[in-house]
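Structure record follows, encoded as structure tokens.
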Amino acid sequence: MIRFHTLRHEQWIPRPLDEVIAFFSDARNLGELTPPWLGFRILTPGPIPMQVGTIIRYSLRWHGLPVSWTTMIRRWDPPRRFIDIQLRGPYRLWHHTHRFHARNGGTQMTDIVRYCLPLGLAGRIAHSLKVRRDLEAIFNYRHRRVEQLFGEKPRVEVQ
């Protein structure tokens, strides 16, 4: 039996939609949002045009083990959304939807990751013991980093 899991993360960003989507449209910024403990590197030479069919290769270290990961942009509908899927990597299935919409003078960003682990029962056990918590830690790091990058700009007082 294949067990699919869903991780949903929402964040309001105090910046206009066009500024936020411009940042997320540049694959080089993925490294800015990935926790340093993963040793993340983009292997695809740049510039990387973000469009349907774009393939991006990465390397990282997951609990000390080297992991190669290849994703493809399956859907590209800026500024509303884009979807990437895993072509090669640690998951049996990885389908990540990134949604954006203007809200309250800023941008509402929603990530929905649908994923499935390999290895049947062993994968289900790994998910309950470690994988879910690891993914939540990665998205919590990303949340904090987005707050740092897009937080309120300091106001300059004229004297």
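As shown in the structure tokens, the chain order sets the letters A, B, ...; within each chain, residues go from 1, and ligands are also counted from 1 in the order they appear.
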Please produce, as a Markdown table, a per-residue contact table for segment 51-72 of chain A versus segment 20-28 of chain A (criterion: any atom at most 12 Å away, only C-alpha atoms considered), showing the nearest atom pair and its distance in Å to one decimal, sorted by chain then residue number.
| residue | atom | partner | partner_atom | distance |
| --- | --- | --- | --- | --- |
| A:Gln51 | CA | A:Ser25 | CA | 9.3 |
| A:Thr54 | CA | A:Ala27 | CA | 10.4 |
| A:Ile55 | CA | A:Ala27 | CA | 10.6 |
| A:Ile56 | CA | A:Ala27 | CA | 8.3 |
| A:Arg57 | CA | A:Ala27 | CA | 10.6 |
| A:Tyr58 | CA | A:Ala27 | CA | 10.9 |
| A:Thr71 | CA | A:Ala27 | CA | 11.3 |
| A:Met72 | CA | A:Ala27 | CA | 11.6 |
Would you mind exporting C-alpha atoms of the selected residues as a CSV table (one decimal), in the first residue's frame?
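Output contents, as saved in again30.csv:
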chain,number,residue,atom,x,y,z
A,51,GLN,CA,9.6,27.7,-17.2
A,54,THR,CA,13.2,23.4,-16.6
A,55,ILE,CA,15.3,20.8,-14.8
A,56,ILE,CA,17.4,21.7,-11.8
A,57,ARG,CA,20.0,19.4,-10.2
A,58,TYR,CA,21.0,19.7,-6.5
A,71,THR,CA,13.5,18.5,-10.0
A,72,MET,CA,11.5,19.7,-12.9
Q: Can you check which residues of segment 70-111 of chain A DSSP gives as strand (DSSP E) on the backbone and send them as a PyMOL selection string?
A: chain A and resi 70-77+81-88+93-103+106-111
Q: Name the residues of segment 16-140 of chain A that come out as alpha helix (DSSP H) in a backbone DSSP run; write them as a PyMOL selection string.
A: chain A and resi 17-24+30-33+120-126+132-140
Q | Close residues, Thr110 of chain A itself excluded, 12 Å, only C-alpha atoms, min 5 positions apart in chain, as a PyMOL selection string | A | chain A and resi 7-13+80-83+96-102+139+143
Generate a file of the selected residues that holds N, CA, C and O atoms, formatted as a compact mmCIF listing (two decimals), in the first residue's frame.
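Below is the file again_8.txt, written as the result:
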# COMPACT_ATOMS: atom_id res chain seq x y z
N LEU A 7 2.27 18.05 3.35
CA LEU A 7 2.77 19.09 4.24
C LEU A 7 2.29 20.42 3.67
O LEU A 7 2.48 20.69 2.48
N ARG A 8 1.64 21.21 4.50
CA ARG A 8 1.12 22.51 4.07
C ARG A 8 1.73 23.58 4.96
O ARG A 8 1.74 23.44 6.18
N HIS A 9 2.22 24.63 4.32
CA HIS A 9 2.83 25.72 5.08
C HIS A 9 2.37 27.05 4.46
O HIS A 9 2.43 27.21 3.25
N GLU A 10 1.89 27.96 5.32
CA GLU A 10 1.42 29.26 4.84
C GLU A 10 2.20 30.36 5.53
O GLU A 10 2.58 30.23 6.70
N GLN A 11 2.41 31.45 4.78
CA GLN A 11 3.14 32.58 5.33
C GLN A 11 2.70 33.86 4.62
O GLN A 11 2.62 33.88 3.39
N TRP A 12 2.45 34.89 5.40
CA TRP A 12 2.16 36.20 4.83
C TRP A 12 3.45 36.98 4.79
O TRP A 12 4.20 37.01 5.78
N ILE A 13 3.73 37.60 3.66
CA ILE A 13 4.98 38.35 3.46
C ILE A 13 4.61 39.81 3.22
O ILE A 13 3.80 40.10 2.32
N ARG A 80 0.81 33.58 -9.98
CA ARG A 80 -0.09 32.79 -9.14
C ARG A 80 0.56 31.57 -8.50
O ARG A 80 0.34 31.29 -7.34
N ARG A 81 1.30 30.81 -9.31
CA ARG A 81 1.85 29.57 -8.76
C ARG A 81 2.88 28.96 -9.70
O ARG A 81 2.99 29.31 -10.85
N PHE A 82 3.61 28.03 -9.11
CA PHE A 82 4.41 27.11 -9.91
C PHE A 82 4.50 25.79 -9.16
O PHE A 82 4.26 25.73 -7.95
N ILE A 83 4.78 24.74 -9.90
CA ILE A 83 4.85 23.40 -9.33
C ILE A 83 6.15 22.76 -9.77
O ILE A 83 6.51 22.78 -10.95
N HIS A 96 5.53 19.58 -5.33
CA HIS A 96 5.54 20.78 -4.50
C HIS A 96 4.85 21.92 -5.26
O HIS A 96 5.36 22.39 -6.27
N THR A 97 3.71 22.34 -4.74
CA THR A 97 2.97 23.47 -5.30
C THR A 97 3.28 24.72 -4.49
O THR A 97 3.16 24.71 -3.26
N HIS A 98 3.71 25.76 -5.17
CA HIS A 98 4.00 27.06 -4.56
C HIS A 98 2.90 28.01 -5.04
O HIS A 98 2.81 28.27 -6.24
N ARG A 99 2.08 28.53 -4.13
CA ARG A 99 1.00 29.45 -4.50
C ARG A 99 1.26 30.82 -3.89
O ARG A 99 1.74 30.92 -2.76
N PHE A 100 0.89 31.85 -4.64
CA PHE A 100 1.08 33.23 -4.21
C PHE A 100 -0.16 34.04 -4.57
O PHE A 100 -0.70 33.87 -5.66
N HIS A 101 -0.59 34.90 -3.68
CA HIS A 101 -1.62 35.86 -4.05
C HIS A 101 -1.52 37.10 -3.16
O HIS A 101 -1.07 37.02 -2.01
N ALA A 102 -1.90 38.24 -3.75
CA ALA A 102 -1.87 39.51 -3.02
C ALA A 102 -2.92 39.47 -1.92
O ALA A 102 -4.05 39.03 -2.14
N PHE A 139 10.95 23.61 6.64
CA PHE A 139 9.99 24.67 6.32
C PHE A 139 9.93 25.73 7.41
O PHE A 139 9.70 26.90 7.12
N HIS A 143 10.63 29.62 6.77
CA HIS A 143 9.72 30.66 7.25
C HIS A 143 10.51 31.79 7.92
O HIS A 143 10.30 32.97 7.63
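Residues with any atom within 8 Å of Gly39 of chain A, counting only C-alpha atoms and excluding same-chain neighbours fewer than 3 positions away, are Pro35, Pro36, Ser59, Leu60 and Arg61 of chain A.
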**Q.** Non-local contacts of Arg103 of chain A (9 Å; only C-alpha atoms; under 2 positions in same chain excluded) as an NGL selection string
**A.** :A and (12 or 16-17 or 101 or 105-108)
